[in-house]
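K.L.:
After the structure tokens below, expect a handful of questions from me.
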Amino acid sequence: MTRPDLRNLLRGDTRADRVVPPTGYTAHLTLFVAGAMAFLVVFALALSLASGRIADRWASELAGAATLRINAPSEQRAAQTEAALTVLSQTPGVASARALTQEEQAALLSPWFGPDLPLDTLPVPQLVEIIETEPGIDVAGLRLRLGAEVPGAVLDDHTRWREPLVDAAMSLRRLGWISILLIGGATAAMITLAANASLAANAQIIGVLRLVGARDGFIAGAFVRRFTYRALFGASVGTLLGMTGVLLLPEASDAGGFLTGVGFQGKDWVLPVLIPILGATVAFFATWAAARRKLKELS
């Protein structure tokens with residue numbers, strides 16, 4: 001591909017455009033494939049970006065927090081809670097620590113047991129919320145001290161269930177990007193097949209053009225230009241429909257959890273605009289390679 005070829009494609013050539021029939025099943029196939037693939041890419045991109053945001057939020061929110069659970073008889077619970085708060089106030093890396101009230105603990109348990117849970121009659125442990133500073137705390141050392149001074153205290157730094165959640169979100173993010181690459185490959189393959197079919201159907205026209213002195217670059221440019229703009233138009237329509245669908249998805253909410261907030265936020269809305277351009281670029285190179293290969297076969 002030379003610079004003159006690129007300039008001819010971008011500038012347009014009405015004589016070359018007449019080489020490729022403007023209608024036919026290849027035109028409909030190219031438009032449909034480009035539109036459908038762009039539609040899928042929008043949702044794959046939205047899912048990937050949303051998964052990345054969730055992973056970052058989980059990592060940042062849970063990394064700086066820990067929970068202390070005090071499993072002690074009711075008559076000893078207040079004393080052990082006070083002793084635990086004293087230990088935490090003397091521990092480096094602890095920004096703040098406070099015991100949750102009964103109302104707060106009831107609110108945490110209400111999604112599973114209902115709003116009328118009688119905490120006074122149930123052996124519910126006392127929870128202490130710990131907020132860490134930037135360096136963090138020495139978890140092993142704090143567990144040893146709590147084990148000696150507060151026998152009923154169990155420290156949970158959220159590591160055992162934070163990391164699987166973050167890994168799952170990151171895996172979903174990678175899956176979204178892999179899906180985009182696979183969609184791009186499938187688009188290139190389908191457009192290549194359509195270009196080959198169009199070239200084969202116009203074999204006689206190509207032979208006549210060669211007889212009158214047309215060069216292969218002129219002939220290939222006609223096919224490349226037509227299929228590139230078909231893909232650009234189809235991908236633009238598919239992207240517009242995909243963005244409309246994303247706008248109709250539920251917004252992020254705590255009640256919906258992971259199932260809501262799948263979409264674009266802020267500057268992310270610029271990324272779908274690039275999808276038609278990338279689709280046209282894929283069609284450009286796929287058609288150019290198919291045209292050069294097919295023209296050699298017809299020589």
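Residues in the structure tokens are named by chain (A, B, ... in the order shown) and by number from 1 within that chain; ligands are numbered from 1 in the order shown.
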Compile the contact shell of stretch 269-281 of chain A as a list in words: residues with an atom at most 7 Å away, counting only C-alpha atoms, same-chain residues fewer than 6 positions apart removed.
P.N.:
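Final neighbour list, sorted by chain and number: Ala34, Ala38, Val42, Thr228, Tyr229, Ala231, Leu232, Ala235, Ser236 and Thr239 of chain A.
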K.L.:
Please return, as a ChimeraX atom specification, all residues of stretch 84-278 of chain A that DSSP assigns to strand (DSSP E or B) on the basis of the backbone.
P.N.:
/A:94-99,126-132,153-156
K.L.:
So that I can check the surroundings of A:Met170, please list as a PyMOL selection string every protein, DNA and RNA residue that reaches within 12 Å of it, counting only C-alpha atoms and ignoring chain neighbours fewer than 5 positions away.
P.N.:
chain A and resi 47-59+163-165+175-177
K.L.:
If you measure from atom CA of A:Val224 to atom CA of A:Leu193, what distance in Å do you get, rounded to one decimal?
P.N.:
13.2 Å
K.L.:
Can you tell me which residues surround stretch 39-41 of chain A at a distance of at most 6 Å, considering only C-alpha atoms, apart from same-chain residues fewer than 2 positions away, and format the answer as a PyMOL selection string?
P.N.:
chain A and resi 36-37+43-45+180+238-239+242
K.L.:
With only C-alpha atoms as the atoms that count, which of A:Phe227, A:Phe264, A:Leu85, A:Ala78 lies nearest to A:Leu146?
P.N.:
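When distances to A:Leu146 are compared using only C-alpha atoms, the smallest one comes from A:Leu85.
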K.L.:
So that I can check the surroundings of A:Ala140, please list as a list in words every protein, DNA and RNA residue that reaches within 12 Å of it, counting only C-alpha atoms and ignoring chain neighbours fewer than 5 positions away.
P.N.:
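Residues near the query, excluding close chain neighbours: Arg145, Leu146, Gly147, Val154, Leu155, Asp156 and Asp157 of chain A.
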K.L.:
Would you write out those residues with C-alpha atoms, as a PDB file, in the first residue's frame?
P.N.:
```
ATOM      1  CA  ARG A 145      -1.606  -9.254  70.704  1.00  0.00           C
ATOM      2  CA  LEU A 146      -5.383  -9.603  70.429  1.00  0.00           C
ATOM      3  CA  GLY A 147      -5.090 -13.326  71.103  1.00  0.00           C
ATOM      4  CA  VAL A 154     -11.082 -12.547  65.571  1.00  0.00           C
ATOM      5  CA  LEU A 155      -9.442 -10.161  63.082  1.00  0.00           C
ATOM      6  CA  ASP A 156     -10.613 -10.229  59.461  1.00  0.00           C
ATOM      7  CA  ASP A 157      -8.596  -8.044  57.078  1.00  0.00           C
TER       8      ASP A 157
END
```
K.L.:
Using atom CA of A:Met243 and atom CA of A:Val262 as the two end points, give the distance in Å to one decimal.
P.N.:
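That distance, rounded to one decimal, is 11.8 Å.
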